[in-house]
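See below for model34.txt, which holds compact mmCIF, C-alpha atoms.
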```
# COMPACT_ATOMS: atom_id res chain seq x y z
CA MET F 508 124.57 70.29 63.54
CA ARG F 509 122.27 71.70 66.17
CA ALA F 510 119.36 71.62 63.77
CA VAL F 511 120.10 67.99 63.02
CA ILE F 512 120.13 67.16 66.69
CA VAL F 513 116.83 68.99 67.21
CA ALA F 514 115.35 67.12 64.28
CA LEU F 515 116.60 63.80 65.61
CA ALA F 516 115.21 64.62 69.06
CA GLY F 517 111.90 65.33 67.42
CA VAL F 518 112.13 61.99 65.67
CA THR F 519 112.72 60.19 68.97
CA LEU F 520 109.72 61.92 70.51
CA VAL F 521 107.52 61.00 67.59
CA SER F 522 108.87 57.47 67.74
CA GLN F 523 108.04 57.37 71.45
CA ARG F 524 104.53 58.39 70.49
CA VAL F 525 104.40 55.64 67.91
CA LEU F 526 105.56 53.07 70.48
CA GLY F 527 102.49 53.86 72.53
CA MET F 528 100.04 53.49 69.74
CA PRO F 529 97.39 50.77 70.00
CA GLY F 530 98.60 47.47 68.67
CA MET F 531 102.22 47.97 69.69
CA PRO F 532 103.72 45.58 72.27
CA ALA F 533 103.00 46.56 75.87
CA TRP F 534 106.63 46.49 76.92
CA PHE F 535 107.33 49.38 74.52
CA GLY F 536 105.79 51.56 77.13
CA TYR F 537 108.78 50.94 79.40
CA LEU F 538 111.19 52.33 76.85
CA ILE F 539 112.17 55.99 77.04
CA LEU F 540 113.73 56.81 73.71
CA PRO F 541 114.66 60.51 74.27
CA MET F 542 116.83 59.44 77.21
CA ILE F 543 119.62 58.95 74.72
CA TRP F 544 119.99 62.71 74.33
CA ILE F 545 120.74 63.49 77.95
CA VAL F 546 122.99 60.43 78.23
CA ALA F 547 124.89 61.66 75.19
CA ALA F 548 125.06 65.17 76.63
CA SER F 549 126.52 63.89 79.88
CA LEU F 550 128.98 61.41 78.33
CA ALA F 551 130.06 63.12 75.12
CA ARG F 552 130.28 66.80 76.05
CA LYS F 553 133.46 68.34 77.36
CA GLU F 554 131.86 71.49 78.73
CA ARG F 555 128.57 71.35 80.55
CA HIS F 556 126.16 74.23 81.08
CA TRP F 557 122.80 74.28 82.71
CA PRO F 558 120.67 71.73 80.79
CA TYR F 559 118.22 73.96 78.95
CA GLU F 560 118.04 71.25 76.30
CA ALA F 561 116.80 68.78 78.89
CA LEU F 562 114.24 71.35 80.01
CA LEU F 563 112.94 71.76 76.48
CA LEU F 564 112.93 68.00 76.03
CA GLY F 565 110.96 67.55 79.23
CA LEU F 566 108.43 70.21 78.25
CA ALA F 567 108.05 68.57 74.88
CA TRP F 568 107.58 65.25 76.67
CA ASP F 569 104.82 66.85 78.76
CA LEU F 570 103.15 68.29 75.69
CA LEU F 571 103.10 64.92 73.99
CA PHE F 572 102.59 62.50 76.85
CA GLY F 573 101.80 64.26 80.12
CA PRO F 574 98.54 65.55 81.61
CA VAL F 575 100.09 68.90 82.43
CA VAL F 576 103.12 70.83 81.26
CA GLY F 577 105.86 71.29 83.84
CA PRO F 578 106.68 68.08 85.73
CA GLY F 579 108.47 66.68 82.69
CA GLY F 580 110.77 69.68 82.64
CA ILE F 581 111.61 69.09 86.27
CA ALA F 582 112.15 65.36 85.78
CA TRP F 583 114.32 65.65 82.69
CA THR F 584 116.50 68.42 84.06
CA ALA F 585 116.90 66.45 87.28
CA ALA F 586 117.92 63.39 85.30
CA CYS F 587 120.36 65.39 83.22
CA LEU F 588 121.92 66.99 86.32
CA SER F 589 122.19 63.55 87.92
CA LEU F 590 123.94 62.17 84.90
CA TYR F 591 126.25 65.20 84.82
CA GLY F 592 127.25 64.42 88.36
CA LEU F 593 127.64 60.74 87.60
CA ALA F 594 129.74 61.43 84.53
CA SER F 595 132.11 63.59 86.54
CA VAL F 596 133.03 60.61 88.75
CA VAL F 597 132.82 57.80 86.15
CA ALA F 598 135.57 57.70 83.54
CA ASP F 599 134.11 54.86 81.50
CA ARG F 600 132.58 55.90 78.18
CA SER F 601 131.98 52.41 76.80
CA PRO F 602 128.57 51.09 75.68
CA LYS F 603 128.20 49.64 79.19
CA ALA F 604 128.46 53.12 80.58
CA TRP F 605 125.87 54.30 78.09
CA ALA F 606 123.57 51.51 79.21
CA ALA F 607 124.12 52.25 82.88
CA PHE F 608 123.58 55.97 82.41
CA GLY F 609 120.40 55.28 80.46
CA ALA F 610 119.09 53.09 83.27
CA VAL F 611 119.93 55.65 85.92
CA GLY F 612 118.37 58.44 83.84
CA ALA F 613 115.18 56.43 83.40
CA VAL F 614 114.89 55.81 87.13
CA VAL F 615 115.46 59.47 87.92
CA VAL F 616 112.98 60.68 85.30
CA ILE F 617 110.25 58.33 86.48
CA LEU F 618 110.75 58.99 90.20
CA VAL F 619 111.08 62.76 89.90
CA GLN F 620 108.11 63.03 87.60
CA ARG F 621 105.99 61.06 90.08
CA LEU F 622 107.20 63.34 92.89
CA ALA F 623 106.47 66.45 90.81
CA VAL F 624 102.88 65.45 90.03
CA MET F 625 102.19 64.21 93.56
CA PRO F 626 101.22 67.69 94.94
CA LEU F 627 98.89 68.10 91.98
CA GLY F 628 96.99 64.94 92.83
CA LEU F 629 97.92 63.34 89.51
CA ALA F 630 100.42 60.74 90.67
CA SER F 631 99.68 57.27 89.30
CA VAL F 632 100.54 53.99 90.97
CA PHE F 633 103.63 52.24 89.76
CA THR F 634 105.59 49.27 91.01
CA ILE F 635 109.22 48.45 91.45
CA ASN F 636 108.92 46.00 88.60
CA GLN F 637 107.71 48.69 86.27
CA LEU F 638 110.57 50.91 87.37
CA ALA F 639 113.09 48.10 86.90
CA LEU F 640 111.75 47.19 83.47
CA SER F 641 111.81 50.78 82.38
CA ALA F 642 115.41 51.12 83.59
CA LEU F 643 116.33 47.85 81.83
CA PHE F 644 114.82 48.66 78.46
CA THR F 645 116.01 52.25 78.46
CA GLY F 646 119.47 51.09 79.49
CA LEU F 647 119.53 48.58 76.66
CA TRP F 648 118.42 51.25 74.23
CA CYS F 649 121.13 53.63 75.36
CA GLY F 650 123.71 50.79 75.39
CA PHE F 651 122.73 49.95 71.85
CA ILE F 652 123.25 53.49 70.73
CA GLY F 653 126.56 53.59 72.60
CA ALA F 654 127.64 50.41 70.86
CA VAL F 655 126.72 51.78 67.45
CA LEU F 656 128.71 54.91 68.17
CA ALA F 657 131.63 52.79 69.37
CA LEU F 658 131.59 50.86 66.14
CA ASP F 659 132.08 54.09 64.24
CA LEU F 660 130.22 52.90 61.18
CA GLY F 661 131.20 56.02 59.26
CA LYS F 662 134.84 55.07 59.46
CA HIS F 663 134.12 51.57 58.25
CA TRP F 664 131.98 52.90 55.40
CA ARG F 665 134.72 55.26 54.28
CA ALA F 666 137.27 52.41 54.37
CA TYR F 667 134.96 50.18 52.34
CA HIS F 668 134.44 52.95 49.84
CA VAL F 669 138.18 53.43 49.44
CA ARG F 670 138.74 49.71 48.88
CA LYS F 671 136.00 49.62 46.27
CA LEU F 672 137.51 52.51 44.38
CA ARG F 673 140.79 50.63 44.10
CA MET N 78 127.86 72.62 91.49
CA SER N 79 128.05 76.29 92.35
CA ARG N 80 125.38 78.08 94.32
CA PRO N 81 123.93 80.06 91.34
CA TYR N 82 123.69 76.76 89.50
CA VAL N 83 121.68 75.20 92.29
CA LEU N 84 119.54 78.30 92.75
CA ARG N 85 118.76 78.45 89.08
CA THR N 86 117.77 74.78 89.11
CA ILE N 87 115.50 75.20 92.11
CA LEU N 88 113.96 78.34 90.64
CA VAL N 89 113.24 76.67 87.32
CA TRP N 90 111.74 73.66 89.07
CA ILE N 91 109.52 75.85 91.22
CA LEU N 92 108.33 77.77 88.16
CA LEU N 93 107.57 74.54 86.34
CA GLU N 94 105.65 73.17 89.34
CA LEU N 95 103.66 76.37 89.57
CA LEU N 96 103.00 76.19 85.84
CA ALA N 97 101.70 72.66 86.27
CA ALA N 98 99.59 73.66 89.27
CA LEU N 99 98.05 76.41 87.19
CA GLN N 100 96.76 73.84 84.75
CA VAL N 101 95.22 71.44 87.27
CA PRO N 102 91.75 72.39 88.50
CA ALA N 103 90.98 71.96 92.19
CA THR N 104 87.66 70.82 93.66
CA GLY N 105 86.03 74.21 93.24
CA GLY N 106 87.10 74.51 89.62
CA SER N 107 89.79 77.11 90.19
CA PRO N 108 93.41 76.08 89.58
CA ILE N 109 95.05 74.15 92.37
CA LEU N 110 97.69 76.88 92.42
CA PHE N 111 95.12 79.23 93.95
CA SER N 112 94.36 76.77 96.73
CA TRP N 113 98.10 76.56 97.39
CA LEU N 114 98.29 80.32 97.59
CA ARG N 115 95.28 80.37 99.92
CA THR N 116 96.99 77.74 102.05
CA LEU N 117 100.06 79.94 102.22
CA VAL N 118 98.21 83.20 102.77
CA GLU N 119 95.60 82.00 105.28
CA PRO N 120 98.08 81.36 108.12
CA VAL N 121 99.66 84.74 107.45
CA ALA N 122 96.20 86.34 107.49
CA ILE N 123 95.32 84.50 110.69
CA VAL N 124 98.59 85.56 112.30
CA ALA N 125 98.07 89.14 111.09
CA GLU N 126 94.50 89.18 112.40
CA GLY N 127 95.67 87.72 115.69
CA THR N 128 98.45 90.29 115.86
CA VAL N 129 95.98 93.10 115.22
CA ASP N 130 93.64 91.70 117.88
CA LEU N 131 96.58 91.38 120.23
CA ALA N 132 97.62 94.96 119.53
CA ILE N 133 94.07 96.18 120.12
CA ASP N 134 93.80 94.18 123.34
CA PHE N 135 97.19 95.47 124.40
CA GLY N 136 96.11 99.04 123.67
CA LEU N 137 92.86 98.57 125.57
CA GLY N 138 94.79 96.97 128.41
CA ALA N 139 97.26 99.84 128.49
CA HIS N 140 94.39 102.32 128.44
CA GLY N 141 92.66 100.45 131.24
CA LEU N 142 95.89 100.29 133.20
CA GLN N 143 96.37 104.00 132.74
CA ARG N 144 92.81 104.66 133.91
CA ALA N 145 93.33 102.35 136.85
CA MET N 146 96.54 104.18 137.75
CA VAL N 147 94.77 107.54 137.54
CA GLU N 148 91.88 106.24 139.66
CA ASN N 149 94.35 104.73 142.08
CA ARG N 150 96.13 108.05 142.35
CA GLU N 151 92.85 109.87 142.90
CA MET N 152 91.84 107.34 145.52
CA ARG N 153 95.18 107.80 147.24
CA ILE N 154 94.65 111.55 147.26
CA ASP N 155 91.14 111.02 148.63
CA LEU N 156 92.52 108.66 151.24
CA GLU N 157 95.16 111.18 152.26
CA THR N 158 92.47 113.87 152.41
CA LEU N 159 90.30 111.66 154.58
CA ARG N 160 93.25 110.89 156.84
CA ALA N 161 94.01 114.59 157.14
CA ARG N 162 90.37 115.28 157.93
CA GLN N 163 90.37 112.49 160.46
CA MET N 164 93.44 113.96 162.10
CA LEU N 165 91.81 117.40 162.15
CA LEU N 166 88.64 115.92 163.61
CA GLN N 167 90.65 114.07 166.24
CA ALA N 168 92.47 117.28 167.09
CA ASP N 169 89.13 119.10 167.26
CA LEU N 170 87.73 116.36 169.44
CA GLU N 171 90.68 116.56 171.80
CA ALA N 172 90.38 120.34 171.87
CA LEU N 173 86.67 120.06 172.60
CA ARG N 174 87.42 117.62 175.42
CA GLU N 175 89.96 120.03 176.84
CA ILE N 176 87.47 122.86 176.55
CA GLY N 177 84.88 120.66 178.21
CA ASP N 178 87.32 119.74 180.97
CA PHE N 179 88.09 123.42 181.40
CA ALA N 180 84.53 124.65 181.30
CA GLY N 181 83.03 121.80 183.27
CA PRO N 182 84.26 122.78 186.76
CA ASN N 183 83.51 126.45 186.03
CA ALA N 184 79.77 126.50 185.79
CA GLU N 185 79.78 130.19 185.10
CA PHE N 186 81.88 129.56 181.96
CA ASP N 187 79.83 126.67 180.81
CA ALA N 188 76.57 128.61 180.90
CA GLY N 189 76.13 130.36 177.57
CA ALA N 190 79.69 129.74 176.44
CA LEU N 191 80.30 129.35 172.70
CA VAL N 192 82.84 127.07 171.15
CA GLY N 193 84.82 128.58 168.31
CA ARG N 194 87.32 127.13 165.94
CA CYS N 195 90.50 128.98 165.10
CA THR N 196 90.67 129.41 161.34
CA TYR N 197 93.47 131.93 161.11
CA ARG N 198 95.94 133.55 163.47
CA ASP N 199 98.77 136.00 163.02
CA LEU N 200 100.94 135.84 166.12
CA LEU N 201 103.13 138.75 165.04
CA ALA N 202 100.09 140.96 164.56
CA GLY N 203 98.50 139.47 167.68
CA SER N 204 95.20 138.68 165.97
CA MET N 205 93.11 135.59 165.43
CA GLU N 206 89.99 134.68 163.50
CA VAL N 207 87.61 132.12 164.95
CA ARG N 208 84.38 130.68 163.61
CA THR N 209 81.39 129.51 165.55
CA ALA N 210 78.83 126.92 164.52
CA GLY N 211 76.03 129.46 164.34
CA SER N 212 75.74 133.12 163.62
CA PHE N 213 76.20 135.30 166.68
CA ILE N 214 76.76 138.97 167.23
CA LEU N 215 79.34 139.06 169.98
CA ALA N 216 79.87 142.18 171.99
CA HIS N 217 83.15 144.03 171.75
CA ASP N 218 85.68 142.86 174.37
CA THR N 219 83.95 139.53 174.92
CA PRO N 220 86.61 137.37 176.61
CA VAL N 221 87.93 134.30 174.87
CA VAL N 222 89.70 131.51 176.70
CA SER N 223 91.20 128.15 175.91
CA ALA N 224 91.82 125.09 178.03
CA ASN N 225 95.27 126.41 178.94
CA GLY N 226 94.40 129.98 179.66
CA LEU N 227 93.34 133.34 178.43
CA VAL N 228 93.41 133.91 174.69
CA GLY N 229 92.17 137.45 174.20
CA ARG N 230 89.06 139.40 173.50
CA VAL N 231 86.66 139.93 170.65
CA LEU N 232 87.33 142.97 168.52
CA ARG N 233 84.81 142.41 165.77
CA SER N 234 81.99 140.00 165.14
CA GLU N 235 80.21 139.23 161.91
CA GLY N 236 77.89 136.23 161.69
CA ARG N 237 79.96 133.13 162.20
CA ARG N 238 83.28 134.94 161.91
CA HIS N 239 84.85 136.69 164.88
CA TRP N 240 88.16 138.51 165.09
CA LEU N 241 90.14 138.49 168.33
CA GLN N 242 92.88 140.55 169.84
CA LEU N 243 95.30 138.15 171.53
CA VAL N 244 96.81 138.82 174.91
CA THR N 245 100.17 139.08 173.16
CA HIS N 246 99.03 142.01 171.02
CA THR N 247 101.17 145.06 171.67
CA ALA N 248 98.09 147.02 172.69
CA ALA N 249 96.65 144.28 174.91
CA ALA N 250 96.61 144.63 178.67
CA VAL N 251 95.26 142.21 181.26
CA ALA N 252 94.96 142.81 184.96
CA VAL N 253 96.66 139.84 186.63
CA GLU N 254 97.48 138.61 190.07
CA THR N 255 99.14 135.64 191.61
CA GLU N 256 97.09 132.67 192.60
CA ASP N 257 97.18 133.76 196.22
CA SER N 258 96.05 137.24 195.15
CA LEU N 259 98.98 138.87 197.01
CA VAL N 260 100.72 140.33 194.00
CA HIS N 261 98.93 142.34 191.35
CA GLY N 262 100.13 143.62 188.02
CA LEU N 263 99.23 144.44 184.46
CA ALA N 264 100.23 141.95 181.74
CA LEU N 265 101.11 143.82 178.55
CA GLY N 266 101.50 142.28 175.12
CA THR N 267 104.84 142.55 173.38
CA GLY N 268 104.07 141.15 169.94
CA SER N 269 105.66 137.83 170.86
CA ASN N 270 104.65 134.99 173.14
CA ALA N 271 106.24 136.83 176.08
CA LEU N 272 104.26 139.27 178.20
CA THR N 273 105.61 142.10 180.26
CA VAL N 274 104.04 142.32 183.70
CA ALA N 275 104.06 145.93 184.76
CA TYR N 276 103.38 147.65 188.03
CA VAL N 277 104.64 144.89 190.27
CA PRO N 278 106.01 146.55 193.41
CA ARG N 279 109.63 145.92 194.29
CA GLN N 280 108.70 144.45 197.63
CA ALA N 281 106.33 141.93 196.04
CA GLU N 282 107.13 138.28 196.77
CA LEU N 283 107.19 136.89 193.31
CA GLU N 284 109.17 133.91 192.06
CA ARG N 285 109.96 132.48 188.69
CA GLY N 286 107.41 129.95 187.64
CA ALA N 287 104.60 131.65 189.47
CA LEU N 288 101.26 131.46 187.68
CA LEU N 289 99.50 134.69 186.97
CA VAL N 290 95.73 134.65 186.64
CA THR N 291 93.22 137.30 185.75
CA SER N 292 92.17 139.44 188.66
CA GLY N 293 88.96 140.72 187.02
CA SER N 294 89.76 144.27 188.02
CA ASP N 295 90.13 145.40 184.40
CA GLY N 296 86.40 144.92 183.86
CA ILE N 297 86.94 142.80 180.78
CA TYR N 298 88.11 139.35 181.80
CA PRO N 299 86.59 137.16 184.50
CA PRO N 300 88.84 136.39 187.45
CA ASP N 301 91.01 133.34 188.01
CA ILE N 302 91.77 132.53 184.39
CA PRO N 303 95.42 131.50 183.87
CA VAL N 304 97.22 134.12 181.81
CA ALA N 305 100.97 133.59 182.01
CA ARG N 306 103.77 131.99 183.94
CA VAL N 307 106.62 134.13 185.23
CA THR N 308 109.92 133.44 183.52
CA ARG N 309 112.11 136.37 184.48
CA ILE N 310 112.19 138.88 187.35
CA ARG N 311 114.66 141.72 187.45
CA GLU N 312 115.12 144.63 189.82
CA SER N 313 116.12 148.04 188.52
CA ASN N 314 116.20 151.61 189.68
CA GLU N 315 112.57 151.90 188.78
CA PRO N 316 109.98 151.58 191.55
CA PHE N 317 108.61 148.42 189.97
CA LEU N 318 110.08 145.08 189.11
CA GLU N 319 110.75 144.12 185.52
CA VAL N 320 108.75 140.91 185.20
CA THR N 321 108.49 138.84 182.06
CA ALA N 322 106.03 135.96 181.66
CA ILE N 323 105.04 133.51 178.97
CA SER N 324 101.42 133.12 177.96
CA THR N 325 99.98 129.86 179.19
CA ALA N 326 97.63 129.56 176.20
CA ASP N 327 99.38 127.69 173.45
CA LEU N 328 98.54 130.34 170.90
CA HIS N 329 100.53 128.92 168.00
CA ALA N 330 98.81 125.52 168.21
CA ILE N 331 95.45 126.36 169.63
CA ARG N 332 92.48 125.07 167.57
CA MET N 333 89.41 125.47 169.72
CA VAL N 334 88.51 128.37 172.01
CA LEU N 335 85.70 129.11 174.39
CA ILE N 336 83.93 132.43 173.95
CA LEU N 337 82.24 133.82 177.06
CA PRO N 338 79.48 136.19 175.89
CA LYS N 339 77.98 136.46 179.31
CA TRP N 340 81.20 137.98 180.60
CA ALA N 341 81.16 140.73 178.01
CA PRO N 342 81.49 144.09 179.78
CA THR N 343 78.44 146.28 179.82
CA ALA N 344 78.34 149.73 178.30
CA SER N 345 78.90 151.20 181.73
CA GLY N 346 82.20 149.37 181.98
CA GLY N 347 81.24 146.99 184.79
CA LEU N 348 80.86 143.30 184.76
CA PRO N 349 77.42 141.87 183.96
```

I need this file expressed as structure tokens, please.
Amino acid sequence: MRAVIVALAGVTLVSQRVLGMPGMPAWFGYLILPMIWIVAASLARKERHWPYEALLLGLAWDLLFGPVVGPGGIAWTAACLSLYGLASVVADRSPKAWAAFGAVGAVVVILVQRLAVMPLGLASVFTINQLALSALFTGLWCGFIGAVLALDLGKHWRAYHVRKLR
Amino acid sequence: MSRPYVLRTILVWILLELLAALQVPATGGSPILFSWLRTLVEPVAIVAEGTVDLAIDFGLGAHGLQRAMVENREMRIDLETLRARQMLLQADLEALREIGDFAGPNAEFDAGALVGRCTYRDLLAGSMEVRTAGSFILAHDTPVVSANGLVGRVLRSEGRRHWLQLVTHTAAAVAVETEDSLVHGLALGTGSNALTVAYVPRQAELERGALLVTSGSDGIYPPDIPVARVTRIRESNEPFLEVTAISTADLHAIRMVLILPKWAPTASGGLP
């Protein structure tokens, strides 16, 4: 199961890379696909430990998209810890919660990453609109995934299969 | 979140930031991490350098203070020495004035008289050492006087140093008389400041407080020099009175004396 998750995380990272390829719509750049993994970790897990997975995800993010390796690890662990804290006070686990968590995670990742690269002299200019759009698209992405999980397609598929066999 | 949890998070974040800083080159080409380290170390180095300078300055200041204290102490000692010398000089000056006052009216004393300074005296032994400004060979038995009275006679002379026999010496004897020359006697030393006046006839009219002066009949001392003042008179079965007198010369405090070489007795025993 863990290997599957790692493989899927790799797929999201590669997909994120694909979204930034020339020719793709510009708004794809606002979407943060791997955010789904830390939202899922904060909403679906019963026991929480220090988010080494988020650290690895952030370092991988840096390797693929960042100028230097390190700030991504800080940003993604900060986002994961924030979502852990948020999940401990929010009982809702509906797709809306997934969307909200995704938006919050996106905001935290972007802000913390900018703060982390600021001492290095690498901070780029960004606007509130960019931040809001990124939070919106990432929230929608996470809400979509939450909705798919809520639908429990596997259960419906098994039921369909049973009816067909009759 | 527990404290180890927070500490671990902060530690990981710091390590990641340092890792990132190691990858970013600064203006000089070296990683920006090194400039951060320099920024951290430089104030410490400046503070350390300032502390070392402060310690050196403090040490130099302490050394200077110690030297100043030593010099101050030496100057105080010098000042005390100068004060003591000044006091001695004042005492000498006063003694010289007294000698001058004493010798002035007595022209015979003033002529050829030598001023000597007492450098050592032993009142129990009845001796005194005086020094003169120049080298003189004084004759034996040369009389020595002070402003207050007779001191003694010269026993030995060697250059600037002269040894005296005081009138209080147990072997000293001075022919004395009262100021009116009616009573004669012989003042004998006793080893203390008191003199015994011998050979005073019982019928002599002598009172306590009477001043005894040299009569000159002993052939050593010139006449009319104060010798002692009578303090006690007692009659006994003897044919003479028992008379005790105190030397008028302040022998325990005397500093300057007047030596009278011209009054030294000649070899024939008479006065010059």

Residues of chain N were defined as contacting chain F if any atom lay at most 9 Å from it, counting all atoms listed in the file; please report them as a PDB file with C-alpha atoms, in the coordinates of the input.
```pdb
ATOM      1  CA  MET N  78     127.860  72.620  91.490  1.00  0.00           C
ATOM      2  CA  TYR N  82     123.690  76.760  89.500  1.00  0.00           C
ATOM      3  CA  ARG N  85     118.760  78.450  89.080  1.00  0.00           C
ATOM      4  CA  THR N  86     117.770  74.780  89.110  1.00  0.00           C
ATOM      5  CA  VAL N  89     113.240  76.670  87.320  1.00  0.00           C
ATOM      6  CA  TRP N  90     111.740  73.660  89.070  1.00  0.00           C
ATOM      7  CA  ILE N  91     109.520  75.850  91.220  1.00  0.00           C
ATOM      8  CA  LEU N  92     108.330  77.770  88.160  1.00  0.00           C
ATOM      9  CA  LEU N  93     107.570  74.540  86.340  1.00  0.00           C
ATOM     10  CA  GLU N  94     105.650  73.170  89.340  1.00  0.00           C
ATOM     11  CA  LEU N  95     103.660  76.370  89.570  1.00  0.00           C
ATOM     12  CA  LEU N  96     103.000  76.190  85.840  1.00  0.00           C
ATOM     13  CA  ALA N  97     101.700  72.660  86.270  1.00  0.00           C
ATOM     14  CA  ALA N  98      99.590  73.660  89.270  1.00  0.00           C
ATOM     15  CA  GLN N 100      96.760  73.840  84.750  1.00  0.00           C
ATOM     16  CA  VAL N 101      95.220  71.440  87.270  1.00  0.00           C
ATOM     17  CA  ALA N 103      90.980  71.960  92.190  1.00  0.00           C
ATOM     18  CA  ILE N 109      95.050  74.150  92.370  1.00  0.00           C
ATOM     19  CA  LEU N 110      97.690  76.880  92.420  1.00  0.00           C
TER      20      LEU N 110
END
```

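In this comparison, which uses all atoms listed in the file, the residue of F:Leu640, F:Val597, F:Leu570, F:Leu622 approaching Gly536 (chain F) most closely is F:Leu640.
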
Pick out the residues sitting within 10 Å of Phe644 (chain F), and hand them over as JSON, numbers by chain; count only C-alpha atoms, and ignore anything fewer than 6 positions along from it in its own chain.
{"F": [534, 535, 536, 537, 538, 539, 540, 606, 609, 610, 613, 650]}

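The spacing separating CA of Ile323 (chain N) from CA of Val251 (chain N) amounts to 13.3 Å.
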
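Using all atoms listed in the file, the protein and nucleic acid residues lying at most 6 Å from the point (111.1, 148.9, 193.9) are Pro278, Arg279, Pro316 and Phe317 of chain N.
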
Please list as a ChimeraX atom specification every residue within 8 Å of Ala252 (chain N), counting only C-alpha atoms and excluding residues in the same chain fewer than 4 positions away.
/N:261-264,291-295

Between CA of Gln143 (chain N) and CA of Glu126 (chain N), what is the distance in Å, rounded to a tenth?
25.2 Å

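Distances to Gly226 (chain N) were evaluated for N:Ala305, N:Leu117, N:Ile297, N:Val147 using all atoms listed in the file, and the minimum falls at N:Ala305.
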
What is the CA of Cys195 (chain N)-CA of Arg306 (chain N) distance in Å, reported with one decimal?
23.2 Å

Non-local contacts of Val521 (chain F) (12 Å; all atoms listed in the file; under 5 positions in same chain excluded) as a list in words
Ala514, Leu515, Ala516, Leu526, Gly527, Met528, Ile539, Leu540, Pro541, Ala567, Trp568, Leu570, Leu571 and Phe572 of chain F

Grab all the atoms of region 581-592 of chain F that the file lists, wrap them in a box along x, y and z, add 5 Å per side, and give me centre plus edge lengths in Å (one decimal) as JSON.
```
{"center_x": 119.4, "center_y": 65.6, "center_z": 85.5, "size_x": 25.6, "size_y": 16.9, "size_z": 15.7}
```

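Every protein or nucleic acid residue with an atom no more than 10 Å from Arg600 (chain F), counting all atoms listed in the file and leaving out same-chain residues fewer than 3 positions away, appears here: Leu550, Ala551, Ala594, Val597, Lys603, Ala604, Trp605, Phe608, Gly653 and Ala657 of chain F.
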